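Engineer: Pasting entry05.csv here (CSV, C-alpha atoms and all ligand atoms):
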chain,number,residue,atom,x,y,z
A,1273,MET,CA,84.3,121.4,39.0
A,1274,LYS,CA,84.5,123.6,42.1
A,1275,VAL,CA,81.6,125.1,43.9
A,1276,LEU,CA,81.7,127.8,46.6
A,1277,LEU,CA,78.9,127.4,49.1
A,1278,VAL,CA,78.1,130.4,51.3
A,1279,GLU,CA,75.5,129.3,53.9
A,1280,ASP,CA,75.4,129.9,57.6
A,1281,GLU,CA,73.1,127.1,58.6
A,1282,GLN,CA,75.4,124.2,59.4
A,1283,LYS,CA,72.8,121.5,58.7
A,1284,ILE,CA,72.1,122.8,55.2
A,1285,ALA,CA,75.8,123.3,54.5
A,1286,GLY,CA,76.5,119.8,55.6
A,1287,PHE,CA,74.0,118.0,53.3
A,1288,VAL,CA,74.7,120.3,50.4
A,1289,SER,CA,78.5,119.8,50.6
A,1290,ALA,CA,78.0,116.1,50.9
A,1291,GLY,CA,75.7,116.0,48.0
A,1292,PHE,CA,78.0,117.9,45.7
A,1293,LYS,CA,81.0,115.9,46.8
A,1294,GLU,CA,79.2,112.7,46.0
A,1295,GLN,CA,78.7,114.0,42.4
A,1296,GLY,CA,82.4,114.7,42.1
A,1297,PHE,CA,82.4,118.4,42.8
A,1298,ALA,CA,85.0,120.1,45.0
A,1299,VAL,CA,83.2,122.3,47.6
A,1300,GLU,CA,84.5,125.2,49.6
A,1301,HIS,CA,82.2,126.4,52.4
A,1302,CYS,CA,81.9,129.8,54.1
A,1303,ASP,CA,79.5,130.3,57.0
A,1304,ASN,CA,79.3,134.1,56.8
A,1305,GLY,CA,78.9,136.9,54.2
A,1306,ILE,CA,82.3,138.6,54.8
A,1307,ASP,CA,84.4,135.4,54.1
A,1308,GLY,CA,81.9,134.5,51.4
A,1309,TYR,CA,82.5,137.7,49.5
A,1310,ASP,CA,86.2,137.5,50.1
A,1311,ARG,CA,86.5,133.9,48.7
A,1312,ALA,CA,84.1,134.6,45.8
A,1313,SER,CA,86.1,137.7,44.7
A,1314,THR,CA,89.5,136.1,45.0
A,1315,GLY,CA,89.0,132.5,44.1
A,1316,VAL,CA,87.9,130.8,40.9
A,1317,TYR,CA,84.8,128.7,41.0
A,1318,ASP,CA,82.6,127.1,38.4
A,1319,ALA,CA,79.5,128.1,40.4
A,1320,ILE,CA,78.5,129.8,43.6
A,1321,VAL,CA,75.6,128.7,45.8
A,1322,LEU,CA,74.7,131.8,47.8
A,1323,ASP,CA,72.3,132.1,50.8
A,1324,ILE,CA,70.6,135.5,51.1
A,1325,MET,CA,70.3,135.8,54.9
A,1326,LEU,CA,73.8,135.6,56.2
A,1327,PRO,CA,75.7,137.0,59.2
A,1328,GLY,CA,78.2,139.8,58.3
A,1329,ARG,CA,76.9,140.6,54.8
A,1330,ASP,CA,73.8,139.5,53.0
A,1331,GLY,CA,73.8,137.5,49.8
A,1332,LEU,CA,72.2,140.1,47.6
A,1333,SER,CA,74.9,142.7,48.5
A,1334,ILE,CA,77.6,140.1,47.7
A,1335,LEU,CA,75.9,139.3,44.4
A,1336,LYS,CA,75.7,143.0,43.5
A,1337,SER,CA,79.4,143.7,44.3
A,1338,LEU,CA,80.6,140.6,42.4
A,1339,ARG,CA,78.6,141.5,39.2
A,1340,LYS,CA,79.7,145.1,39.5
A,1341,ALA,CA,83.3,144.0,39.6
A,1342,GLY,CA,82.8,142.0,36.4
A,1343,ASN,CA,82.7,138.6,38.0
A,1344,VAL,CA,80.5,136.3,35.8
A,1345,THR,CA,80.6,133.1,37.8
A,1346,PRO,CA,77.2,131.5,37.7
A,1347,ILE,CA,75.4,132.1,41.0
A,1348,ILE,CA,72.4,130.4,42.4
A,1349,LEU,CA,70.6,132.0,45.4
A,1350,LEU,CA,69.1,130.1,48.3
A,1351,THR,CA,66.0,132.0,49.5
A,1352,ALA,CA,63.6,131.4,52.4
A,1353,ARG,CA,60.1,130.5,51.4
A,1354,ASN,CA,58.7,134.0,51.8
A,1355,GLU,CA,61.4,136.0,50.2
A,1356,LEU,CA,59.7,136.6,46.9
A,1357,ASP,CA,61.0,140.2,46.6
A,1358,ASP,CA,64.5,139.0,47.3
A,1359,ARG,CA,64.3,136.4,44.5
A,1360,ILE,CA,63.1,139.1,42.0
A,1361,ASP,CA,65.9,141.5,43.2
A,1362,GLY,CA,68.4,138.6,43.0
A,1363,LEU,CA,67.6,137.9,39.4
A,1364,SER,CA,67.7,141.6,38.4
A,1365,LEU,CA,71.0,141.9,40.2
A,1366,GLY,CA,72.4,139.1,38.0
A,1367,ALA,CA,71.8,135.8,39.8
A,1368,ASP,CA,71.4,133.0,37.3
A,1369,ASP,CA,68.8,131.0,39.3
A,1370,TYR,CA,67.4,130.6,42.8
A,1371,LEU,CA,66.0,127.9,44.9
A,1372,ALA,CA,63.6,128.3,47.8
A,1373,LYS,CA,64.2,126.5,51.1
A,1374,PRO,CA,63.5,123.9,52.0
A,1375,PHE,CA,64.8,122.0,49.0
A,1376,PHE,CA,66.2,118.7,48.0
A,1377,VAL,CA,70.0,118.7,47.4
A,1378,GLU,CA,69.4,116.7,44.2
A,1379,GLU,CA,67.4,119.6,42.8
A,1380,LEU,CA,70.1,122.1,43.7
A,1381,ILE,CA,72.8,119.9,42.0
A,1382,ALA,CA,70.6,119.5,39.0
A,1383,ARG,CA,70.1,123.3,38.8
A,1384,VAL,CA,73.8,123.9,39.1
A,1385,GLN,CA,74.6,121.3,36.5
A,1386,ALA,CA,72.1,122.9,34.1
A,1387,LEU,CA,73.7,126.3,34.7
A,1388,LEU,CA,77.1,124.9,34.0
A,1389,ARG,CA,75.9,123.3,30.8
A,1390,ARG,CA,74.3,126.5,29.7
A,1391,VAL,CA,77.3,128.6,30.6
A,1392,SER,CA,79.7,126.3,28.9
A,1393,GLY,CA,77.6,126.2,25.8
A,1394,GLU,CA,77.4,130.0,25.7
A,1395,ARG,CA,80.8,131.3,26.5
A,1396,GLN,CA,83.3,129.0,28.1
A,1397,ASN,CA,84.1,126.4,25.5
A,1398,VAL,CA,86.4,128.8,23.6
A,1399,LEU,CA,88.3,131.5,25.3
A,1400,THR,CA,90.1,134.1,23.2
A,1401,VAL,CA,92.5,136.8,24.5
A,1402,GLY,CA,94.4,138.7,21.8
A,1403,GLU,CA,96.0,136.1,19.5
A,1404,LEU,CA,95.6,133.3,22.0
A,1405,ARG,CA,92.7,131.0,21.6
A,1406,LEU,CA,91.9,128.1,23.9
A,1407,ASP,CA,89.3,125.5,23.1
A,1408,ARG,CA,88.2,123.6,26.2
A,1409,ILE,CA,86.3,120.8,24.4
A,1410,GLY,CA,89.0,120.1,21.8
A,1411,ARG,CA,91.7,120.8,24.4
A,1412,GLU,CA,93.5,122.8,21.9
A,1413,VAL,CA,95.5,126.1,22.2
A,1414,THR,CA,96.5,128.2,19.3
A,1415,TRP,CA,98.8,131.2,19.4
A,1416,HIS,CA,98.9,133.4,16.3
A,1417,SER,CA,96.8,130.7,14.6
A,1418,GLN,CA,99.4,128.0,15.3
A,1419,SER,CA,98.8,125.1,17.5
A,1420,VAL,CA,100.7,125.0,20.8
A,1421,ASP,CA,101.3,121.5,22.1
A,1422,LEU,CA,100.6,121.7,25.8
A,1423,THR,CA,100.4,118.9,28.4
A,1424,GLY,CA,97.2,118.6,30.5
A,1425,ARG,CA,98.6,120.6,33.4
A,1426,GLU,CA,100.0,123.3,31.2
A,1427,PHE,CA,96.7,123.6,29.5
A,1428,ASN,CA,94.8,124.0,32.8
A,1429,LEU,CA,97.3,126.6,33.9
A,1430,VAL,CA,96.9,128.7,30.8
A,1431,GLU,CA,93.1,128.4,31.1
A,1432,TYR,CA,93.2,129.4,34.8
A,1433,LEU,CA,95.2,132.6,34.1
A,1434,MET,CA,93.5,133.4,30.9
A,1435,ARG,CA,90.1,133.6,32.5
A,1436,SER,CA,91.1,136.8,34.3
A,1437,PRO,CA,93.4,138.8,32.1
A,1438,GLY,CA,95.3,141.5,34.1
A,1439,ARG,CA,94.6,139.8,37.4
A,1440,VAL,CA,97.6,138.7,39.5
A,1441,PHE,CA,97.6,135.1,40.9
A,1442,THR,CA,100.0,134.0,43.6
A,1443,ARG,CA,101.8,130.7,43.3
A,1444,THR,CA,99.7,129.4,46.2
A,1445,GLN,CA,96.5,130.2,44.3
A,1446,ILE,CA,97.8,128.5,41.2
A,1447,LEU,CA,98.9,125.4,43.1
A,1448,GLU,CA,95.5,125.2,44.7
A,1449,HIS,CA,93.5,125.5,41.5
A,1450,VAL,CA,95.7,123.8,38.9
A,1451,TRP,CA,97.4,121.2,41.1
A,1452,ASP,CA,94.7,120.9,43.6
A,1453,TYR,CA,97.2,121.2,46.5
A,1454,ASP,CA,96.0,122.9,49.6
A,1455,PHE,CA,99.5,123.2,50.9
A,1456,ASP,CA,102.7,124.8,49.6
A,1457,PRO,CA,104.9,121.9,48.6
A,1458,SER,CA,107.9,124.4,48.7
A,1459,THR,CA,108.9,123.5,45.2
A,1460,ASN,CA,109.0,125.6,42.1
A,1461,VAL,CA,106.6,123.5,40.1
A,1462,VAL,CA,104.6,126.5,39.1
A,1463,ASP,CA,107.6,128.4,37.8
A,1464,VAL,CA,108.9,125.4,35.9
A,1465,CYS,CA,105.5,124.8,34.3
A,1466,ILE,CA,105.2,128.5,33.2
A,1467,GLN,CA,108.7,128.4,31.8
A,1468,ARG,CA,107.8,125.4,29.7
A,1469,ILE,CA,104.6,127.1,28.4
A,1470,ARG,CA,106.5,130.3,27.5
A,1471,LYS,CA,109.1,128.3,25.7
A,1472,LYS,CA,106.5,126.5,23.6
A,1473,MET,CA,104.8,129.7,22.7
A,1474,SER,CA,108.0,131.6,21.9
A,1475,SER,CA,109.0,128.8,19.5
A,1476,ILE,CA,106.1,129.9,17.4
A,1477,GLY,CA,107.4,132.5,15.0
A,1478,ALA,CA,104.7,135.1,15.1
A,1479,GLY,CA,106.6,138.3,14.6
A,1480,ALA,CA,106.7,141.2,17.0
A,1481,ASP,CA,103.9,140.3,19.4
A,1482,SER,CA,105.0,136.7,20.1
A,1483,GLU,CA,106.1,137.7,23.5
A,1484,SER,CA,104.6,135.4,26.1
A,1485,PRO,CA,101.2,136.6,27.4
A,1486,ILE,CA,102.1,135.3,30.9
A,1487,GLU,CA,103.9,137.9,32.9
A,1488,SER,CA,105.8,137.5,36.1
A,1489,VAL,CA,104.9,139.9,38.8
A,1490,ARG,CA,107.9,140.1,41.0
A,1491,GLY,CA,107.4,138.9,44.6
A,1492,VAL,CA,103.8,138.0,43.9
A,1493,GLY,CA,103.2,135.5,41.1
A,1494,TYR,CA,101.9,135.6,37.6
A,1495,ARG,CA,99.3,137.3,35.5
A,1496,PHE,CA,98.0,137.0,32.0
A,1497,ARG,CA,98.7,140.2,30.0
A,1498,LYS,CA,95.7,142.1,28.8
A,1499,LEU,CA,96.1,141.6,25.0
A,1500,PRO,CA,94.5,143.8,22.4
B,1601,CA,CA,70.9,131.9,56.3
Please express the file's structure as C-alpha cells.
Structural biologist:
Amino acid sequence: MKVLLVEDEQKIAGFVSAGFKEQGFAVEHCDNGIDGYDRASTGVYDAIVLDIMLPGRDGLSILKSLRKAGNVTPIILLTARNELDDRIDGLSLGADDYLAKPFFVEELIARVQALLRRVSGERQNVLTVGELRLDRIGREVTWHSQSVDLTGREFNLVEYLMRSPGRVFTRTQILEHVWDYDFDPSTNVVDVCIQRIRKKMSSIGAGADSESPIESVRGVGYRFRKLP
C-alpha cells in the first residue's frame, strides 16, 4: 500500500511518515502544493493525505483538479482546527474524509485503513476493462472468460496498467510501482514481463479481438488499450 503525503510542516510530515511506515505502508512525501499535485496526478497511490494550507498551491485546489481529471484515489484532508468551511468545501469537492489538527497519527492511519477497506469493498476488488477481468482477492485474471495463468509480478503489472486505461506509463514508472525499484536497473525486465503476459493472453483463442490490450508506445512505454 502506497500513500502520498502532501504536508509542509516537517514535524507533522515526520511523525505521519514514520507512523505509516511502521504499519507497513510505503510513503512518498511532498512539502508543497505544486509537487503534491504533480505526484498525485502522475503517480498511483492507494490513498492521499492532503494538507489544505500549503505553499505553492492549496489542498482544496489540488483536490478539485484531481477529481475533475477523473482521479478517484481516496483522499483524506488535514485541516486546521478552525477551518470548518474548508472541511465542508473539501467533502463537497470529493474528499473522502478529513481530520482536524492536531491529531494522533494512529487515528489518521485508522481512518486511511477504513477508507481503503471501504473502497476495496466498493470497487477495487474486481476490475473489468473490455473482455479482461481481474479479481484482486482471488488473484485471478480472465480474458474472454478464460483464465490467464499469471505470476504474481505479471498480475501486479496488469493491474497497474489496467487501473488507468489509455494512460501511458514509462518503464521507470512501471519499475517503481510493480518492482518497487527507485532506480533504473538498465535491464529490460519490464519488456520481458510484458512479452510474457501478451504471449499468455494471445494463446487464448478468442477470435478477432484477442489482440493484447497492452500496447507499446514507441520511445515512451506502455499503455492499456481503452477497450469497449
Ligand atoms: Ca500546512
Engineer: How close does each residue of range 1374-1394 of chain A get to range 1328-1348 of chain A, giving the shortest atom pair and distance in Å to one decimal for every residue with an atom at most 10 Å away, counting all atoms listed in the file, sorted by chain and residue number, as JSON lines?
Structural biologist:
{"residue": "A:Leu1380", "atom": "CA", "partner": "A:Ile1348", "partner_atom": "CA", "distance": 8.7}
{"residue": "A:Arg1383", "atom": "CA", "partner": "A:Ile1348", "partner_atom": "CA", "distance": 8.3}
{"residue": "A:Val1384", "atom": "CA", "partner": "A:Ile1348", "partner_atom": "CA", "distance": 7.4}
{"residue": "A:Leu1387", "atom": "CA", "partner": "A:Pro1346", "partner_atom": "CA", "distance": 6.9}
{"residue": "A:Leu1388", "atom": "CA", "partner": "A:Pro1346", "partner_atom": "CA", "distance": 7.6}
{"residue": "A:Arg1390", "atom": "CA", "partner": "A:Pro1346", "partner_atom": "CA", "distance": 9.9}
{"residue": "A:Val1391", "atom": "CA", "partner": "A:Pro1346", "partner_atom": "CA", "distance": 7.7}
Engineer: Neighbours of ligand CA 1601 (chain B) at 10 Å or closer, counting all atoms listed in the file: which residues, as JSON, numbers by chain?
Structural biologist: {"A": [1278, 1279, 1280, 1281, 1282, 1284, 1303, 1304, 1305, 1322, 1323, 1324, 1325, 1326, 1327, 1330, 1331, 1350, 1351, 1352]}
Engineer: Using 10 Å as the limit and counting only C-alpha atoms, can you tabulate each residue of range 1274-1390 of chain A that touches range 1439-1456 of chain A, with its shortest atom-to-atom distance in Å and the two atoms involved, as CSV?
Structural biologist:
residue,atom,partner,partner_atom,distance
A:Lys1274,CA,A:His1449,CA,9.2
A:Ala1298,CA,A:Asp1452,CA,9.8
A:Thr1314,CA,A:Phe1441,CA,9.1
A:Gly1315,CA,A:Gln1445,CA,7.8
A:Val1316,CA,A:His1449,CA,7.7
A:Tyr1317,CA,A:His1449,CA,9.3
Engineer: Compile the contact shell of Val1275 in chain A as a PyMOL selection string: residues with an atom at most 6 Å away, counting all atoms listed in the file, same-chain residues fewer than 2 positions apart removed.
Structural biologist: chain A and resi 1299+1317-1320
Engineer: For Arg1470 in chain A, which residue among A:Asp1358, A:Asn1397, A:Trp1415, A:Pro1374 is the nearest when counting all atoms listed in the file?
Structural biologist: A:Trp1415
Engineer: One decimal, in Å: what's the spacing between CA of Asn1428 in chain A and CA of Val1288 in chain A?
Structural biologist: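 Those two atoms sit 27.0 Å apart.
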Engineer: How many Å lie between CA of Ser1364 in chain A and CA of Ser1289 in chain A, rounded to one decimal?
Structural biologist: 27.2 Å
Engineer: Report, in Å to a single decimal, how far apart CA of Val1321 in chain A and CA of Leu1277 in chain A are.
Structural biologist: 4.8 Å
Engineer: When you look at Ile1466 in chain A with a cut-off of 12 Å (counting only C-alpha atoms), what residues show up, excluding the ones that are within fewer than 3 positions of it in the same chain? I need them as a ChimeraX atom specification.
Structural biologist: /A:1422-1423,1425-1430,1433,1443,1446,1460-1463,1469-1473,1484-1488,1493-1496
Engineer: Restricting the calculation to only C-alpha atoms, which member of A:Glu1378, A:Glu1483, A:Asp1307, A:Glu1403 is positioned closest to Gln1295 in chain A?
Structural biologist: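 Checking each of A:Glu1378, A:Glu1483, A:Asp1307, A:Glu1403 against Gln1295 in chain A, counting only C-alpha atoms, the winner is A:Glu1378.
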Engineer: Using all atoms listed in the file, can you tell me which of A:Arg1311, A:Arg1497, A:Lys1293, A:His1416 comes closest to Leu1276 in chain A?
Structural biologist: A:Arg1311
Engineer: With distances taken over only C-alpha atoms, which of A:Gln1418, A:Gly1362, A:His1301, A:Asp1368 is nearest to Ala1285 in chain A?
Structural biologist: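 Of the candidates, the smallest distance to Ala1285 in chain A is held by A:His1301.
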